[in-house]
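Trainee: Sending over data.cif (mmCIF, C-alpha atoms).
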data_final
loop_
_atom_site.group_PDB
_atom_site.id
_atom_site.type_symbol
_atom_site.label_atom_id
_atom_site.label_comp_id
_atom_site.auth_asym_id
_atom_site.auth_seq_id
_atom_site.Cartn_x
_atom_site.Cartn_y
_atom_site.Cartn_z
ATOM 1 C CA MET A 1 -37.731 12.701 98.729
ATOM 2 C CA LEU A 2 -34.769 10.763 100.101
ATOM 3 C CA ARG A 3 -34.822 12.651 103.370
ATOM 4 C CA SER A 4 -38.578 12.001 103.598
ATOM 5 C CA LEU A 5 -37.848 8.318 103.096
ATOM 6 C CA ALA A 6 -35.268 8.505 105.876
ATOM 7 C CA LEU A 7 -37.792 10.137 108.213
ATOM 8 C CA MET A 8 -40.346 7.433 107.418
ATOM 9 C CA LEU A 9 -37.803 4.696 108.087
ATOM 10 C CA GLU A 10 -36.806 6.241 111.385
ATOM 11 C CA HIS A 11 -40.150 7.323 112.785
ATOM 12 C CA SER A 12 -42.675 4.935 111.250
ATOM 13 C CA PHE A 13 -40.600 1.774 111.127
ATOM 14 C CA ALA A 14 -38.089 2.424 113.938
ATOM 15 C CA ARG A 15 -35.197 1.737 111.563
ATOM 16 C CA ARG A 16 -32.769 4.487 112.464
ATOM 17 C CA ASP A 17 -29.931 2.434 110.972
ATOM 18 C CA LEU A 18 -31.551 2.409 107.542
ATOM 19 C CA ALA A 19 -32.516 6.069 107.817
ATOM 20 C CA GLN A 20 -28.922 7.033 108.542
ATOM 21 C CA ALA A 21 -27.707 4.944 105.605
ATOM 22 C CA VAL A 22 -30.127 6.680 103.216
ATOM 23 C CA VAL A 23 -29.106 10.158 104.399
ATOM 24 C CA ALA A 24 -25.410 9.315 104.165
ATOM 25 C CA ALA A 25 -25.835 7.804 100.696
ATOM 26 C CA ALA A 26 -27.676 10.907 99.477
ATOM 27 C CA GLU A 27 -24.919 13.141 100.841
ATOM 28 C CA ASP A 28 -22.257 10.972 99.187
ATOM 29 C CA ALA A 29 -24.122 11.156 95.888
ATOM 30 C CA LEU A 30 -24.457 14.936 96.097
ATOM 31 C CA GLY A 31 -20.712 15.149 96.612
ATOM 32 C CA SER A 32 -19.796 12.867 93.742
ATOM 33 C CA HIS A 33 -22.678 13.579 91.335
ATOM 34 C CA PRO A 34 -24.089 17.044 92.034
ATOM 35 C CA THR A 35 -27.300 17.911 90.235
ATOM 36 C CA PRO A 36 -27.930 21.182 88.376
ATOM 37 C CA ASP A 37 -29.760 22.706 91.354
ATOM 38 C CA THR A 38 -26.601 22.236 93.437
ATOM 39 C CA GLY A 39 -24.205 23.554 90.798
ATOM 40 C CA GLY A 40 -23.491 20.268 89.024
ATOM 41 C CA SER A 41 -24.669 18.546 85.885
ATOM 42 C CA ALA A 42 -25.704 15.041 86.941
ATOM 43 C CA THR A 43 -29.026 13.815 85.630
ATOM 44 C CA THR A 44 -31.678 12.357 87.900
ATOM 45 C CA GLY A 45 -30.695 8.892 86.730
ATOM 46 C CA GLU A 46 -27.007 9.466 87.392
ATOM 47 C CA PHE A 47 -27.767 10.819 90.841
ATOM 48 C CA GLY A 48 -30.078 7.901 91.609
ATOM 49 C CA ASP A 49 -27.429 5.417 90.469
ATOM 50 C CA ALA A 50 -24.892 7.149 92.735
ATOM 51 C CA VAL A 51 -27.269 6.886 95.697
ATOM 52 C CA LEU A 52 -27.834 3.180 95.046
ATOM 53 C CA ALA A 53 -24.094 2.560 94.718
ATOM 54 C CA ALA A 54 -23.483 4.353 98.005
ATOM 55 C CA LEU A 55 -26.217 2.327 99.699
ATOM 56 C CA GLU A 56 -24.684 -0.911 98.436
ATOM 57 C CA THR A 57 -21.473 -0.082 100.276
ATOM 58 C CA ARG A 58 -23.348 0.726 103.494
ATOM 59 C CA LEU A 59 -25.913 -2.068 103.671
ATOM 60 C CA PRO A 60 -25.519 -5.814 103.387
ATOM 61 C CA VAL A 61 -27.543 -7.455 100.663
ATOM 62 C CA THR A 62 -30.314 -9.396 102.389
ATOM 63 C CA ILE A 63 -33.019 -9.680 99.711
ATOM 64 C CA GLN A 64 -32.527 -11.686 96.568
ATOM 65 C CA ALA A 65 -34.856 -11.754 93.587
ATOM 66 C CA THR A 66 -36.394 -15.096 92.738
#
What does this structure look like when you write it as structure tokens?

Mentor:
Amino acid sequence: MLRSLALMLEHSFARRDLAQAVVAAAEDALGSHPTPDTGGSATTGEFGDAVLAALETRLPVTIQAT
């Protein structure tokens, strides 16, 4: 799903920068929080949190909730 999101960002929205950030964040998360299908034990939630944390380090915060 994350790689599909990256493809959509790159090809549909011409946002290669965001696509690369998503792919890199997913790879970081797989390294630090591997899921059972990759030999680890991280839950979906733990993996998702790791992806979001990795994205926060790669992307500036530009949207704030009101």

Trainee: At what distance in Å, to one decimal, does atom CA of A:Thr38 lie from atom CA of A:Leu5?

Mentor: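 Separation of atom CA of A:Leu5 and atom CA of A:Thr38: 20.3 Å.
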
Trainee: For a quick check of understanding, using all atoms listed in the file, which of A:Leu30, A:Leu7, A:Ala21, A:Leu2 has the smallest distance to A:Thr57?

Mentor: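 Distance minimum relative to A:Thr57 lands on A:Ala21.
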
Trainee: Please report the interatomic distance between atom CA of A:Glu27 and atom CA of A:Val51 in Å with one decimal.

Mentor: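 One can read the atom CA of A:Glu27 to atom CA of A:Val51 distance as 8.4 Å.
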
Trainee: Restricting the calculation to only C-alpha atoms: of A:Ala14, A:Ala29, A:Ala6, A:Ala24, which residue gets closest to A:Gly48?

Mentor: A:Ala29

Trainee: Can you measure atom CA of A:Ala25 to atom CA of A:Phe13 for me? One decimal in Å is fine.

Mentor: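 Separation between atom CA of A:Ala25 and atom CA of A:Phe13: 19.1 Å.
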
Trainee: Missing atoms in stretch 28-58 of chain A: can you complete it with N, CA and C atoms, as a PDB file, in the frame of the given file?

Mentor:
ATOM      1  N   ASP A  28     -23.363  11.451 100.023  1.00  0.00           N
ATOM      2  CA  ASP A  28     -22.257  10.972  99.187  1.00  0.00           C
ATOM      3  C   ASP A  28     -22.530  11.255  97.718  1.00  0.00           C
ATOM      4  N   ALA A  29     -23.757  10.958  97.291  1.00  0.00           N
ATOM      5  CA  ALA A  29     -24.122  11.156  95.888  1.00  0.00           C
ATOM      6  C   ALA A  29     -24.091  12.631  95.503  1.00  0.00           C
ATOM      7  N   LEU A  30     -24.528  13.495  96.398  1.00  0.00           N
ATOM      8  CA  LEU A  30     -24.457  14.936  96.097  1.00  0.00           C
ATOM      9  C   LEU A  30     -23.015  15.405  95.963  1.00  0.00           C
ATOM     10  N   GLY A  31     -22.123  14.792  96.713  1.00  0.00           N
ATOM     11  CA  GLY A  31     -20.712  15.149  96.612  1.00  0.00           C
ATOM     12  C   GLY A  31     -20.073  14.653  95.338  1.00  0.00           C
ATOM     13  N   SER A  32     -20.432  13.454  94.920  1.00  0.00           N
ATOM     14  CA  SER A  32     -19.796  12.867  93.742  1.00  0.00           C
ATOM     15  C   SER A  32     -20.552  13.136  92.447  1.00  0.00           C
ATOM     16  N   HIS A  33     -21.839  13.357  92.523  1.00  0.00           N
ATOM     17  CA  HIS A  33     -22.678  13.579  91.335  1.00  0.00           C
ATOM     18  C   HIS A  33     -23.667  14.723  91.600  1.00  0.00           C
ATOM     19  N   PRO A  34     -23.175  15.932  91.751  1.00  0.00           N
ATOM     20  CA  PRO A  34     -24.089  17.044  92.034  1.00  0.00           C
ATOM     21  C   PRO A  34     -25.052  17.297  90.870  1.00  0.00           C
ATOM     22  N   THR A  35     -26.260  17.627  91.222  1.00  0.00           N
ATOM     23  CA  THR A  35     -27.300  17.911  90.235  1.00  0.00           C
ATOM     24  C   THR A  35     -27.279  19.397  89.879  1.00  0.00           C
ATOM     25  N   PRO A  36     -27.955  19.780  88.796  1.00  0.00           N
ATOM     26  CA  PRO A  36     -27.930  21.182  88.376  1.00  0.00           C
ATOM     27  C   PRO A  36     -28.357  22.175  89.462  1.00  0.00           C
ATOM     28  N   ASP A  37     -29.310  21.787  90.315  1.00  0.00           N
ATOM     29  CA  ASP A  37     -29.760  22.706  91.354  1.00  0.00           C
ATOM     30  C   ASP A  37     -28.722  22.906  92.451  1.00  0.00           C
ATOM     31  N   THR A  38     -27.682  22.065  92.461  1.00  0.00           N
ATOM     32  CA  THR A  38     -26.601  22.236  93.437  1.00  0.00           C
ATOM     33  C   THR A  38     -25.288  22.612  92.758  1.00  0.00           C
ATOM     34  N   GLY A  39     -25.383  23.082  91.513  1.00  0.00           N
ATOM     35  CA  GLY A  39     -24.205  23.554  90.798  1.00  0.00           C
ATOM     36  C   GLY A  39     -23.512  22.508  89.951  1.00  0.00           C
ATOM     37  N   GLY A  40     -24.094  21.329  89.818  1.00  0.00           N
ATOM     38  CA  GLY A  40     -23.491  20.268  89.024  1.00  0.00           C
ATOM     39  C   GLY A  40     -24.247  20.023  87.743  1.00  0.00           C
ATOM     40  N   SER A  41     -24.014  18.864  87.154  1.00  0.00           N
ATOM     41  CA  SER A  41     -24.669  18.546  85.885  1.00  0.00           C
ATOM     42  C   SER A  41     -25.199  17.119  85.824  1.00  0.00           C
ATOM     43  N   ALA A  42     -25.213  16.415  86.940  1.00  0.00           N
ATOM     44  CA  ALA A  42     -25.704  15.041  86.941  1.00  0.00           C
ATOM     45  C   ALA A  42     -27.203  14.999  86.666  1.00  0.00           C
ATOM     46  N   THR A  43     -27.606  14.016  85.892  1.00  0.00           N
ATOM     47  CA  THR A  43     -29.026  13.815  85.630  1.00  0.00           C
ATOM     48  C   THR A  43     -29.664  13.114  86.831  1.00  0.00           C
ATOM     49  N   THR A  44     -30.974  13.056  86.834  1.00  0.00           N
ATOM     50  CA  THR A  44     -31.678  12.357  87.900  1.00  0.00           C
ATOM     51  C   THR A  44     -31.256  10.888  87.947  1.00  0.00           C
ATOM     52  N   GLY A  45     -31.116  10.284  86.798  1.00  0.00           N
ATOM     53  CA  GLY A  45     -30.695   8.892  86.730  1.00  0.00           C
ATOM     54  C   GLY A  45     -29.298   8.679  87.267  1.00  0.00           C
ATOM     55  N   GLU A  46     -28.382   9.567  86.901  1.00  0.00           N
ATOM     56  CA  GLU A  46     -27.007   9.466  87.392  1.00  0.00           C
ATOM     57  C   GLU A  46     -26.954   9.638  88.908  1.00  0.00           C
ATOM     58  N   PHE A  47     -27.720  10.598  89.401  1.00  0.00           N
ATOM     59  CA  PHE A  47     -27.767  10.819  90.841  1.00  0.00           C
ATOM     60  C   PHE A  47     -28.360   9.602  91.545  1.00  0.00           C
ATOM     61  N   GLY A  48     -29.455   9.082  91.020  1.00  0.00           N
ATOM     62  CA  GLY A  48     -30.078   7.901  91.609  1.00  0.00           C
ATOM     63  C   GLY A  48     -29.132   6.707  91.620  1.00  0.00           C
ATOM     64  N   ASP A  49     -28.409   6.506  90.524  1.00  0.00           N
ATOM     65  CA  ASP A  49     -27.429   5.417  90.469  1.00  0.00           C
ATOM     66  C   ASP A  49     -26.340   5.609  91.518  1.00  0.00           C
ATOM     67  N   ALA A  50     -25.915   6.858  91.725  1.00  0.00           N
ATOM     68  CA  ALA A  50     -24.892   7.149  92.735  1.00  0.00           C
ATOM     69  C   ALA A  50     -25.414   6.868  94.141  1.00  0.00           C
ATOM     70  N   VAL A  51     -26.671   7.182  94.392  1.00  0.00           N
ATOM     71  CA  VAL A  51     -27.269   6.886  95.697  1.00  0.00           C
ATOM     72  C   VAL A  51     -27.316   5.379  95.907  1.00  0.00           C
ATOM     73  N   LEU A  52     -27.761   4.637  94.911  1.00  0.00           N
ATOM     74  CA  LEU A  52     -27.834   3.180  95.046  1.00  0.00           C
ATOM     75  C   LEU A  52     -26.457   2.566  95.262  1.00  0.00           C
ATOM     76  N   ALA A  53     -25.457   3.064  94.541  1.00  0.00           N
ATOM     77  CA  ALA A  53     -24.094   2.560  94.718  1.00  0.00           C
ATOM     78  C   ALA A  53     -23.597   2.835  96.132  1.00  0.00           C
ATOM     79  N   ALA A  54     -23.895   4.012  96.641  1.00  0.00           N
ATOM     80  CA  ALA A  54     -23.483   4.353  98.005  1.00  0.00           C
ATOM     81  C   ALA A  54     -24.203   3.485  99.027  1.00  0.00           C
ATOM     82  N   LEU A  55     -25.476   3.199  98.783  1.00  0.00           N
ATOM     83  CA  LEU A  55     -26.217   2.327  99.699  1.00  0.00           C
ATOM     84  C   LEU A  55     -25.654   0.906  99.694  1.00  0.00           C
ATOM     85  N   GLU A  56     -25.238   0.439  98.532  1.00  0.00           N
ATOM     86  CA  GLU A  56     -24.684  -0.911  98.436  1.00  0.00           C
ATOM     87  C   GLU A  56     -23.434  -1.068  99.295  1.00  0.00           C
ATOM     88  N   THR A  57     -22.679   0.004  99.449  1.00  0.00           N
ATOM     89  CA  THR A  57     -21.473  -0.082 100.276  1.00  0.00           C
ATOM     90  C   THR A  57     -21.797   0.011 101.762  1.00  0.00           C
ATOM     91  N   ARG A  58     -22.965   0.527 102.095  1.00  0.00           N
ATOM     92  CA  ARG A  58     -23.348   0.726 103.494  1.00  0.00           C
ATOM     93  C   ARG A  58     -24.223  -0.387 104.058  1.00  0.00           C
TER      94      ARG A  58
END
